[in-house]
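As stored in protein_4.cif (mmCIF, C-alpha atoms and all ligand atoms):
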```
data_data
loop_
_atom_site.label_atom_id
_atom_site.label_comp_id
_atom_site.auth_asym_id
_atom_site.auth_seq_id
_atom_site.Cartn_x
_atom_site.Cartn_y
_atom_site.Cartn_z
CA MET A 97 30.93 18.50 -9.69
CA ARG A 98 27.83 16.26 -9.56
CA GLU A 99 24.98 17.48 -7.36
CA GLN A 100 24.14 15.43 -4.27
CA PRO A 101 21.10 13.19 -4.83
CA LEU A 102 17.84 14.29 -3.30
CA ILE A 103 16.91 12.09 -0.35
CA LEU A 104 13.16 11.59 -0.62
CA ASP A 105 11.90 12.05 2.92
CA GLY A 106 8.98 9.68 3.52
CA ASN A 107 8.26 11.25 6.91
CA ALA A 108 7.67 14.63 5.29
CA VAL A 109 5.33 13.12 2.67
CA ALA A 110 3.47 11.19 5.39
CA ALA A 111 3.13 14.34 7.51
CA ALA A 112 1.62 16.21 4.56
CA ILE A 113 -0.94 13.43 4.01
CA LYS A 114 -1.83 13.24 7.72
CA GLU A 115 -2.09 17.01 8.09
CA LYS A 116 -4.92 17.04 5.56
CA LEU A 117 -6.70 14.22 7.41
CA ALA A 118 -7.00 15.97 10.77
CA ALA A 119 -9.78 18.36 9.65
CA ARG A 120 -11.66 15.57 7.89
CA ILE A 121 -11.54 13.37 11.01
CA GLY A 122 -12.80 16.34 13.05
CA ALA A 123 -15.70 16.89 10.63
CA LEU A 124 -16.62 13.22 10.83
CA ALA A 125 -16.53 13.38 14.65
CA GLU A 126 -19.09 16.20 14.52
CA ARG A 127 -21.36 13.82 12.63
CA GLY A 128 -20.79 11.14 15.29
CA VAL A 129 -18.50 9.04 13.07
CA VAL A 130 -15.09 7.77 14.14
CA PRO A 131 -13.19 6.07 11.30
CA ARG A 132 -12.29 2.54 12.31
CA LEU A 133 -9.66 0.23 10.86
CA ALA A 134 -9.65 -3.47 11.69
CA THR A 135 -6.27 -5.16 11.36
CA ILE A 136 -5.99 -8.92 11.29
CA LEU A 137 -2.76 -10.65 12.21
CA VAL A 138 -2.54 -14.42 11.77
CA GLY A 139 0.35 -16.22 13.48
CA ASP A 140 3.24 -14.75 15.37
CA ASP A 141 5.69 -13.50 12.78
CA PRO A 142 7.56 -10.75 14.67
CA SER A 143 7.91 -8.41 11.65
CA SER A 144 4.19 -8.65 10.85
CA ALA A 145 3.37 -8.03 14.52
CA THR A 146 5.55 -4.89 14.42
CA TYR A 147 3.84 -3.60 11.24
CA VAL A 148 0.38 -4.15 12.72
CA LYS A 149 1.41 -2.40 15.93
CA MET A 150 2.83 0.55 13.97
CA LYS A 151 -0.44 0.84 12.01
CA GLY A 152 -2.51 0.74 15.21
CA ASN A 153 -0.34 3.40 16.86
CA ALA A 154 -0.54 5.63 13.79
CA CYS A 155 -4.35 5.34 13.87
CA ARG A 156 -4.55 6.28 17.53
CA ARG A 157 -2.30 9.32 17.12
CA LEU A 158 -4.68 10.68 14.50
CA GLY A 159 -7.99 9.87 16.21
CA ILE A 160 -8.82 6.82 14.11
CA ASP A 161 -10.09 3.77 15.99
CA SER A 162 -8.21 0.59 15.41
CA VAL A 163 -9.36 -2.85 16.36
CA ARG A 164 -6.88 -5.64 16.23
CA VAL A 165 -7.80 -9.25 15.63
CA ASP A 166 -5.01 -11.70 16.51
CA LEU A 167 -5.48 -15.23 15.29
CA PRO A 168 -3.30 -18.29 15.99
CA GLU A 169 -0.91 -19.78 13.44
CA ALA A 170 -3.19 -22.84 13.13
CA THR A 171 -6.17 -20.77 11.90
CA THR A 172 -7.83 -22.32 8.85
CA THR A 173 -8.82 -20.43 5.72
CA GLU A 174 -12.50 -20.95 6.62
CA GLU A 175 -12.00 -19.51 10.11
CA LEU A 176 -10.16 -16.49 8.74
CA VAL A 177 -12.80 -15.90 6.07
CA ASP A 178 -15.46 -16.11 8.77
CA VAL A 179 -13.69 -13.43 10.83
CA ILE A 180 -13.43 -11.20 7.75
CA ARG A 181 -17.14 -11.67 6.95
CA ARG A 182 -18.06 -10.62 10.47
CA LEU A 183 -15.94 -7.48 10.08
CA ASN A 184 -17.62 -6.86 6.72
CA ASP A 185 -20.99 -6.97 8.51
CA ASP A 186 -19.89 -4.66 11.34
CA PRO A 187 -21.11 -1.14 10.46
CA ALA A 188 -18.60 0.44 12.85
CA VAL A 189 -15.66 -0.93 10.83
CA HIS A 190 -14.70 1.13 7.76
CA GLY A 191 -11.50 -0.57 6.66
CA ILE A 192 -10.08 -4.08 6.92
CA LEU A 193 -6.40 -4.87 6.64
CA LEU A 194 -5.25 -8.48 6.57
CA GLN A 195 -1.52 -8.41 7.28
CA HIS A 196 0.45 -10.14 4.54
CA PRO A 197 1.91 -12.75 4.53
CA VAL A 198 -0.41 -15.20 6.29
CA PRO A 199 0.87 -18.63 7.42
CA HIS A 200 1.44 -21.16 4.63
CA GLY A 201 -1.58 -23.30 5.52
CA ILE A 202 -3.98 -20.47 4.65
CA ASP A 203 -5.21 -19.61 1.16
CA GLU A 204 -4.27 -15.92 1.28
CA ARG A 205 -6.06 -15.10 -1.96
CA ALA A 206 -9.32 -16.59 -0.67
CA ALA A 207 -8.96 -14.54 2.50
CA PHE A 208 -8.24 -11.31 0.60
CA GLU A 209 -11.23 -11.93 -1.67
CA ALA A 210 -13.50 -12.19 1.37
CA ILE A 211 -12.91 -8.49 2.18
CA ALA A 212 -15.88 -6.35 1.11
CA ILE A 213 -14.83 -3.96 -1.67
CA GLU A 214 -15.98 -0.89 0.29
CA LYS A 215 -13.67 -1.91 3.16
CA ASP A 216 -10.73 -3.03 0.99
CA VAL A 217 -8.55 -0.10 2.05
CA ASP A 218 -5.35 -1.83 0.86
CA GLY A 219 -6.66 -2.73 -2.60
CA VAL A 220 -6.00 -6.45 -2.19
CA THR A 221 -9.14 -7.89 -3.78
CA THR A 222 -9.25 -8.72 -7.49
CA LEU A 223 -11.97 -6.12 -7.93
CA GLY A 224 -9.88 -3.50 -6.14
CA PHE A 225 -6.90 -4.42 -8.33
CA ALA A 226 -9.00 -4.26 -11.49
CA ARG A 227 -10.44 -0.86 -10.58
CA ASN A 228 -6.92 0.35 -9.92
CA ALA A 229 -5.84 -0.94 -13.33
CA PHE A 230 -8.71 1.00 -14.92
CA GLY A 231 -7.61 4.06 -12.95
CA PHE A 232 -10.70 4.55 -10.82
CA ALA A 233 -10.01 2.64 -7.61
CA ASP A 234 -11.31 4.15 -4.38
CA PHE A 235 -8.42 2.48 -2.61
CA PRO A 236 -5.37 1.50 -4.65
CA SER A 237 -2.90 -0.67 -2.71
CA CYS A 238 -1.23 1.47 -0.09
CA THR A 239 2.45 0.91 -0.89
CA PRO A 240 2.01 1.52 -4.65
CA ALA A 241 -0.05 4.63 -3.88
CA ALA A 242 2.67 5.75 -1.47
CA ILE A 243 5.33 5.42 -4.17
CA VAL A 244 3.30 7.60 -6.54
CA SER A 245 2.62 10.11 -3.74
CA ILE A 246 6.35 10.46 -3.08
CA LEU A 247 7.01 11.20 -6.76
CA ASP A 248 4.19 13.75 -6.79
CA TYR A 249 5.21 15.42 -3.52
CA TYR A 250 8.66 16.10 -4.98
CA ASN A 251 7.27 17.02 -8.41
CA LEU A 252 9.29 14.28 -10.03
CA PRO A 253 7.85 13.71 -13.50
CA ILE A 254 6.28 10.35 -14.35
CA GLU A 255 4.78 11.01 -17.79
CA GLY A 256 7.00 9.85 -20.62
CA LYS A 257 9.58 8.35 -18.26
CA HIS A 258 10.72 4.77 -18.46
CA ALA A 259 9.82 3.15 -15.14
CA VAL A 260 11.40 -0.19 -14.30
CA VAL A 261 9.63 -2.09 -11.53
CA ILE A 262 11.46 -5.04 -9.99
CA GLY A 263 8.82 -7.39 -8.55
CA ARG A 264 5.35 -8.38 -9.74
CA SER A 265 3.45 -9.28 -6.57
CA PRO A 266 -0.30 -8.55 -6.68
CA ILE A 267 -0.04 -6.12 -3.76
CA LEU A 268 3.02 -4.20 -4.84
CA GLY A 269 4.88 -4.77 -8.11
CA LYS A 270 1.85 -5.19 -10.37
CA PRO A 271 -0.33 -2.41 -8.95
CA VAL A 272 2.50 0.13 -8.88
CA SER A 273 3.26 -0.80 -12.49
CA VAL A 274 -0.30 -0.08 -13.62
CA MET A 275 -0.41 3.14 -11.60
CA LEU A 276 2.75 4.38 -13.30
CA LEU A 277 1.35 3.24 -16.66
CA ASN A 278 -1.86 5.16 -15.97
CA ARG A 279 0.31 8.20 -15.36
CA ASN A 280 1.80 7.74 -18.84
CA ALA A 281 5.12 6.19 -17.89
CA THR A 282 6.52 3.47 -20.14
CA VAL A 283 6.74 0.53 -17.77
CA THR A 284 8.95 -2.55 -17.69
CA ILE A 285 8.13 -5.15 -15.04
CA CYS A 286 10.94 -7.45 -13.89
CA HIS A 287 10.77 -10.68 -11.89
CA SER A 288 12.85 -13.67 -10.91
CA LYS A 289 13.03 -14.97 -14.50
CA THR A 290 14.06 -11.66 -16.06
CA GLU A 291 17.29 -12.01 -18.03
CA ARG A 292 20.08 -9.41 -17.91
CA LEU A 293 18.36 -7.64 -15.02
CA PRO A 294 21.14 -5.07 -14.46
CA ASP A 295 20.83 -3.94 -18.11
CA VAL A 296 17.04 -3.72 -17.88
CA VAL A 297 17.21 -1.73 -14.64
CA GLY A 298 19.90 0.44 -16.22
CA ALA A 299 17.38 1.70 -18.79
CA GLY A 300 15.06 3.07 -16.10
CA ASP A 301 14.49 6.75 -15.42
CA ILE A 302 12.44 5.60 -12.43
CA VAL A 303 13.40 2.37 -10.65
CA VAL A 304 11.04 0.77 -8.14
CA ALA A 305 12.50 -2.05 -6.05
CA ALA A 306 9.90 -4.47 -4.67
CA VAL A 307 11.87 -7.69 -4.42
CA GLY A 308 12.09 -8.67 -0.77
CA LYS A 309 15.86 -9.17 -0.87
CA PRO A 310 18.12 -6.94 1.21
CA LYS A 311 20.37 -4.55 -0.76
CA PHE A 312 19.51 -6.40 -3.97
CA VAL A 313 19.69 -3.45 -6.38
CA GLN A 314 23.29 -2.51 -7.02
CA GLY A 315 24.68 0.98 -7.51
CA ASP A 316 26.16 0.30 -10.96
CA TRP A 317 22.76 -0.89 -12.27
CA ILE A 318 21.35 2.60 -11.91
CA LYS A 319 21.40 5.00 -14.84
CA PRO A 320 22.94 8.35 -13.89
CA GLY A 321 20.12 10.69 -12.93
CA ALA A 322 17.53 7.97 -12.28
CA VAL A 323 15.00 8.22 -9.43
CA VAL A 324 15.11 5.19 -7.13
CA LEU A 325 12.21 4.14 -4.92
CA ASP A 326 12.88 1.36 -2.47
CA ALA A 327 9.71 -0.40 -1.29
CA GLY A 328 11.69 -3.15 0.39
CA TYR A 329 11.61 -3.66 4.10
CA ASN A 330 13.79 -6.50 5.32
CA PRO A 331 14.84 -7.53 8.81
CA GLY A 332 17.19 -5.01 10.36
CA ASN A 333 15.48 -2.05 8.64
CA VAL A 334 17.20 -2.80 5.35
CA GLY A 335 15.67 -2.01 1.97
CA ASP A 336 15.87 -3.86 -1.34
CA VAL A 337 18.33 -1.27 -2.66
CA ASP A 338 21.98 -0.87 -1.75
CA PHE A 339 21.35 2.74 -0.74
CA ASP A 340 24.95 3.88 -0.29
CA ALA A 341 26.06 2.33 -3.58
CA CYS A 342 23.15 3.91 -5.49
CA LEU A 343 23.84 7.42 -4.18
CA SER A 344 26.55 7.95 -6.76
CA ASN A 345 24.19 7.52 -9.75
CA ALA A 346 20.66 8.34 -8.50
CA SER A 347 19.33 11.89 -8.75
CA ALA A 348 16.77 11.11 -6.02
CA ILE A 349 16.32 8.11 -3.75
CA THR A 350 14.17 6.93 -0.84
CA PRO A 351 16.00 5.75 2.27
CA VAL A 352 14.99 2.77 4.42
CA PRO A 353 13.69 3.42 7.00
CA ALA A 354 11.87 6.76 6.60
CA GLY A 355 11.12 6.30 2.91
CA VAL A 356 8.18 4.39 1.47
CA GLY A 357 7.16 2.83 4.83
CA PRO A 358 5.70 5.89 6.63
CA VAL A 359 3.91 7.00 3.46
CA THR A 360 2.32 3.55 3.18
CA ILE A 361 0.92 3.89 6.70
CA ALA A 362 -0.30 7.45 6.06
CA THR A 363 -2.02 6.19 2.90
CA LEU A 364 -3.75 3.44 4.86
CA LEU A 365 -5.06 6.06 7.30
CA LYS A 366 -6.23 8.23 4.41
CA HIS A 367 -8.08 5.32 2.82
CA THR A 368 -9.76 4.52 6.14
CA VAL A 369 -10.96 8.11 6.44
CA ASP A 370 -12.08 8.05 2.79
CA ALA A 371 -14.08 4.88 3.50
CA ALA A 372 -15.68 6.38 6.61
CA GLU A 373 -16.65 9.56 4.75
CA LYS A 374 -18.04 7.57 1.85
CA ARG A 375 -20.22 5.50 4.18
CA ALA A 376 -21.36 8.54 6.17
CA ASN A 377 -22.36 10.29 2.94
CA GLU A 378 -24.17 7.24 1.64
CA ASN A 379 -26.16 7.02 4.88
CA ARG A 380 -27.07 10.70 4.58
CA THR A 381 -28.34 10.36 1.03
CA LYS A 382 -30.20 7.12 1.59
CA ILE A 383 -33.74 7.72 0.34
CA GLU A 384 -36.57 5.98 2.11
CA PRO A 385 -38.77 4.15 -0.40
CA HIS A 386 -42.23 5.74 -0.67
CA TYR A 387 -43.77 2.45 -1.65
CA LYS A 388 -44.27 -0.55 0.52
CA ILE A 389 -41.85 -3.42 0.05
CA ILE A 390 -43.73 -6.72 0.32
P1 LIG B 401 6.88 -10.89 -2.92
O1 LIG B 401 5.45 -11.19 -2.98
O2 LIG B 401 7.83 -11.89 -2.33
O3 LIG B 401 7.37 -10.57 -4.42
C1 LIG B 401 8.73 -10.40 -4.70
C2 LIG B 401 8.89 -10.17 -6.18
O4 LIG B 401 10.28 -10.04 -6.44
C3 LIG B 401 8.37 -11.34 -7.05
O5 LIG B 401 7.63 -10.84 -8.12
C4 LIG B 401 9.65 -12.02 -7.51
O6 LIG B 401 9.57 -12.58 -8.81
C5 LIG B 401 10.62 -10.85 -7.54
N1 LIG B 401 11.98 -11.37 -7.42
C6 LIG B 401 12.47 -12.23 -6.50
N2 LIG B 401 13.75 -12.49 -6.75
C7 LIG B 401 14.10 -11.78 -7.86
C8 LIG B 401 15.28 -11.64 -8.60
N3 LIG B 401 16.40 -12.30 -8.30
N4 LIG B 401 15.27 -10.80 -9.67
C9 LIG B 401 14.14 -10.13 -10.02
N5 LIG B 401 12.99 -10.23 -9.33
C10 LIG B 401 12.97 -11.05 -8.26
O7 LIG B 401 7.18 -9.54 -2.14
P2 LIG B 401 6.23 -8.23 -1.93
O8 LIG B 401 5.17 -8.57 -0.97
O9 LIG B 401 5.91 -7.64 -3.24
O10 LIG B 401 7.27 -7.30 -1.17
C11 LIG B 401 8.45 -6.84 -1.78
C12 LIG B 401 9.25 -6.03 -0.78
O11 LIG B 401 8.48 -4.91 -0.37
C13 LIG B 401 9.58 -6.77 0.52
O12 LIG B 401 10.85 -6.29 0.98
C14 LIG B 401 8.51 -6.32 1.49
O13 LIG B 401 8.92 -6.37 2.84
C15 LIG B 401 8.34 -4.90 1.05
N6 LIG B 401 7.04 -4.29 1.38
C16 LIG B 401 7.12 -3.06 1.91
C17 LIG B 401 5.97 -2.38 2.22
C18 LIG B 401 6.10 -1.00 2.77
O14 LIG B 401 5.16 -0.48 3.35
N7 LIG B 401 7.26 -0.36 2.60
C19 LIG B 401 4.73 -2.97 2.00
C20 LIG B 401 4.66 -4.22 1.40
C21 LIG B 401 5.85 -4.87 1.10
P3 LIG B 401 8.60 -13.83 -9.17
O15 LIG B 401 7.24 -13.26 -9.31
O16 LIG B 401 9.16 -14.34 -10.44
O17 LIG B 401 8.71 -14.79 -8.02
#
```
Produce structure tokens that represent the structure in this file.
Amino acid sequence: MREQPLILDGNAVAAAIKEKLAARIGALAERGVVPRLATILVGDDPSSATYVKMKGNACRRLGIDSVRVDLPEATTTEELVDVIRRLNDDPAVHGILLQHPVPHGIDERAAFEAIAIEKDVDGVTTLGFARNAFGFADFPSCTPAAIVSILDYYNLPIEGKHAVVIGRSPILGKPVSVMLLNRNATVTICHSKTERLPDVVGAGDIVVAAVGKPKFVQGDWIKPGAVVLDAGYNPGNVGDVDFDACLSNASAITPVPAGVGPVTIATLLKHTVDAAEKRANENRTKIEPHYKII
């Protein structure tokens, strides 16, 4: 009889990440530093408001400061960029998260690009993306990093495996593809123009769903024994994968909720602590010039 698939418990992975942060936050506190994440929410999309609230609550529970900037739907790109620049200049802020998506009238890319690289804790700038592609990002995008962390936590091999990623957004599909490539997977990236998608997905040893369509990935697309990671989060707590249908073929699978989502938040907290430590260490090693600057 076929073994039951392993349900990849995102809460357990998140707890392991957060457990390691507690001591680091304590050590920073002794140096008078409290990591601080600024979250920016533009407009009143209820799902985005919920995500931002969840991130703020997660910060507080761990002793990370969070400041929330709420801006009206009618905010212009220039106004948003101005807010981001002020957060860039604020030495008490270590990380900046602009909640995606922003209202249609705003140039989201221009807003992302305004985030200073040392505060780009969600890897949304082109420089952050490029560093991630080269494999030396300080802060790879949180959801892609979460997906890799889940595979690592469960010792699921990446090297040599054929990973099929469905979705190519700059914050999810593309960065997770390069991260898997950097870990020596053979990667196929699918999108809305991909032909014979079920066949392509059916070749994957690892399948990452990042589509934004509820229960999009069907059970009979999945190769027997494949590992399925569902990054989707649609209204009603529904993922991009038809979880029940995929159970019969997958060897391991993330549920929604309690899969990729909590690990994404834990990763964001980790990156904020990383950023705070990096800044604190830079301040410590700053050498006063022994010559006069004129
Ligand atoms: P997105 O920017 O809308 O990108 C969706 C991608 O799916 C696009 O590349 C699109 O292709 C592709 N796609 C759409 N229809 C398709 C089809 N019929 N066949 C194949 N590919 C198709 O979405 P996103 O921001 O990457 O988010 C994806 C999902 O992840 C959403 O459910 C979102 O809520 C979720 N998410 C979760 C977390 C988390 O923490 N768990 C974080 C971020 C996002 P084209 O490029 O051709 O348009």
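Comparing the minimum interatomic distances between A:Gly231 and each of A:Leu102, A:Ile202, A:Val272, A:Ala306, counting all atoms listed in the file, we find that A:Val272 sits nearest.
You can rank A:Glu209, A:Asp105, A:Asp340, A:Glu291 by their closest distance to A:Ile246 using all atoms listed in the file, and at the top of that list sits A:Asp105.
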Nearby residues, ligand LIG 401 (chain B), 6 Å, all atoms listed in the file, as a CSV table (one decimal) with C-alpha atoms, in the coordinates of the input:
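Saved file out_25.csv follows:
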```csv
chain,number,residue,atom,x,y,z
A,239,THR,CA,2.4,0.9,-0.9
A,262,ILE,CA,11.5,-5.0,-10.0
A,263,GLY,CA,8.8,-7.4,-8.6
A,264,ARG,CA,5.4,-8.4,-9.7
A,265,SER,CA,3.4,-9.3,-6.6
A,268,LEU,CA,3.0,-4.2,-4.8
A,269,GLY,CA,4.9,-4.8,-8.1
A,286,CYS,CA,10.9,-7.4,-13.9
A,287,HIS,CA,10.8,-10.7,-11.9
A,288,SER,CA,12.8,-13.7,-10.9
A,289,LYS,CA,13.0,-15.0,-14.5
A,306,ALA,CA,9.9,-4.5,-4.7
A,307,VAL,CA,11.9,-7.7,-4.4
A,308,GLY,CA,12.1,-8.7,-0.8
A,327,ALA,CA,9.7,-0.4,-1.3
A,328,GLY,CA,11.7,-3.2,0.4
A,329,TYR,CA,11.6,-3.7,4.1
A,330,ASN,CA,13.8,-6.5,5.3
A,356,VAL,CA,8.2,4.4,1.5
A,357,GLY,CA,7.2,2.8,4.8
A,360,THR,CA,2.3,3.6,3.2
```
With all atoms of stretch 130-133 of chain A from the file as input, state the centre and edge lengths in Å to one decimal of the axis-aligned box that has 3 Å extra on each side, as lines of an AutoDock Vina configuration file.
```
center_x = -12.4
center_y = 4.0
center_z = 12.5
size_x = 11.4
size_y = 13.5
size_z = 9.3
```
### Query
Counting all atoms listed in the file, what is within 12 Å of A:Arg156, bar same-chain residues fewer than 4 positions away, as a VMD selection string?
chain A and resid 121 130 to 133 149 to 152 160 to 163 365
Write the selection just made, keeping C-alpha atoms, as a compact mmCIF listing (two decimals), in the coordinates of the input?
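This is the output file result27.txt:
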```txt
# COMPACT_ATOMS: atom_id res chain seq x y z
CA ILE A 121 -11.54 13.37 11.01
CA VAL A 130 -15.09 7.77 14.14
CA PRO A 131 -13.19 6.07 11.30
CA ARG A 132 -12.29 2.54 12.31
CA LEU A 133 -9.66 0.23 10.86
CA LYS A 149 1.41 -2.40 15.93
CA MET A 150 2.83 0.55 13.97
CA LYS A 151 -0.44 0.84 12.01
CA GLY A 152 -2.51 0.74 15.21
CA ILE A 160 -8.82 6.82 14.11
CA ASP A 161 -10.09 3.77 15.99
CA SER A 162 -8.21 0.59 15.41
CA VAL A 163 -9.36 -2.85 16.36
CA LEU A 365 -5.06 6.06 7.30
```
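Going from atom CA of A:Val179 over to atom CA of A:Leu117, you cover 28.7 Å.
The space separating atom CA of A:Pro253 from atom CA of A:Asn280 comes to 10.0 Å.
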### Task
Please write as a VMD selection string the list of polymer residues whose atoms come within 10 Å of (-4.2, -24.2, 6.8), counting only C-alpha atoms and keeping to the coordinates of the file.
chain A and resid 169 to 176 198 to 204
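The interatomic distance for the pair atom CA of A:Arg292 and atom CA of A:Pro351 works out to 25.6 Å.
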Each residue of stretch 145-243 of chain A with at least one atom at most 9 Å from stretch 372-378 of chain A should appear once, together with its nearest atom pair and the corresponding distance in Å (one decimal); atoms considered: all atoms listed in the file; ordering: chain, then increasing residue number; output as CSV.
```
residue,atom,partner,partner_atom,distance
A:Val189,CA,A:Ala372,CA,8.4
A:His190,CA,A:Ala372,CA,5.5
A:Gly191,CA,A:Ala372,CA,8.1
A:Glu214,CA,A:Arg375,CA,8.6
```
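Shortest atom-to-atom contact with A:Tyr147 among A:Pro331, A:Gly159, A:Pro310, A:Gly122: A:Pro331, counting all atoms listed in the file.
Nearest residue to A:Ser347, choosing from A:Ile103, A:Ala322, A:Val148, A:Val334 and counting all atoms listed in the file: A:Ala322.
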### Task
Write out as a PyMOL selection string which residues come within 7 Å of A:Asp301 when counting all atoms listed in the file, dropping same-chain ones fewer than 2 positions away.
chain A and resi 257-259+299+303+322-323
#### Entry: Protein/DNA/RNA residues near (-1.8, -12.6, 7.9), cut 6 Å, all atoms listed in the file, as an NGL selection string
:A and (137-138 or 194-198)
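Nearest to A:Cys155 of all the residues A:Ala108, A:Ala118, A:Pro320, A:Glu255 is A:Ala118, counting all atoms listed in the file.
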## Note on the structure
Using only C-alpha atoms, the best pick from A:Val304, A:Leu183, A:Leu223, A:Leu158 as closest to A:Ala119 would be A:Leu158
Shell around A:Ala226 at 12 Å using all atoms listed in the file, local window under 5 positions removed, as a tab-separated table (two decimals) with C-alpha atoms, in the frame of the given file:
```tsv
chain	number	residue	atom	x	y	z
A	213	ILE	CA	-14.83	-3.96	-1.67
A	219	GLY	CA	-6.66	-2.73	-2.60
A	220	VAL	CA	-6.00	-6.45	-2.19
A	221	THR	CA	-9.14	-7.89	-3.78
A	231	GLY	CA	-7.61	4.06	-12.95
A	232	PHE	CA	-10.70	4.55	-10.82
A	233	ALA	CA	-10.01	2.64	-7.61
A	234	ASP	CA	-11.31	4.15	-4.38
A	235	PHE	CA	-8.42	2.48	-2.61
A	236	PRO	CA	-5.37	1.50	-4.65
A	237	SER	CA	-2.90	-0.67	-2.71
A	266	PRO	CA	-0.30	-8.55	-6.68
A	267	ILE	CA	-0.04	-6.12	-3.76
A	270	LYS	CA	1.85	-5.19	-10.37
A	271	PRO	CA	-0.33	-2.41	-8.95
A	274	VAL	CA	-0.30	-0.08	-13.62
A	275	MET	CA	-0.41	3.14	-11.60
```
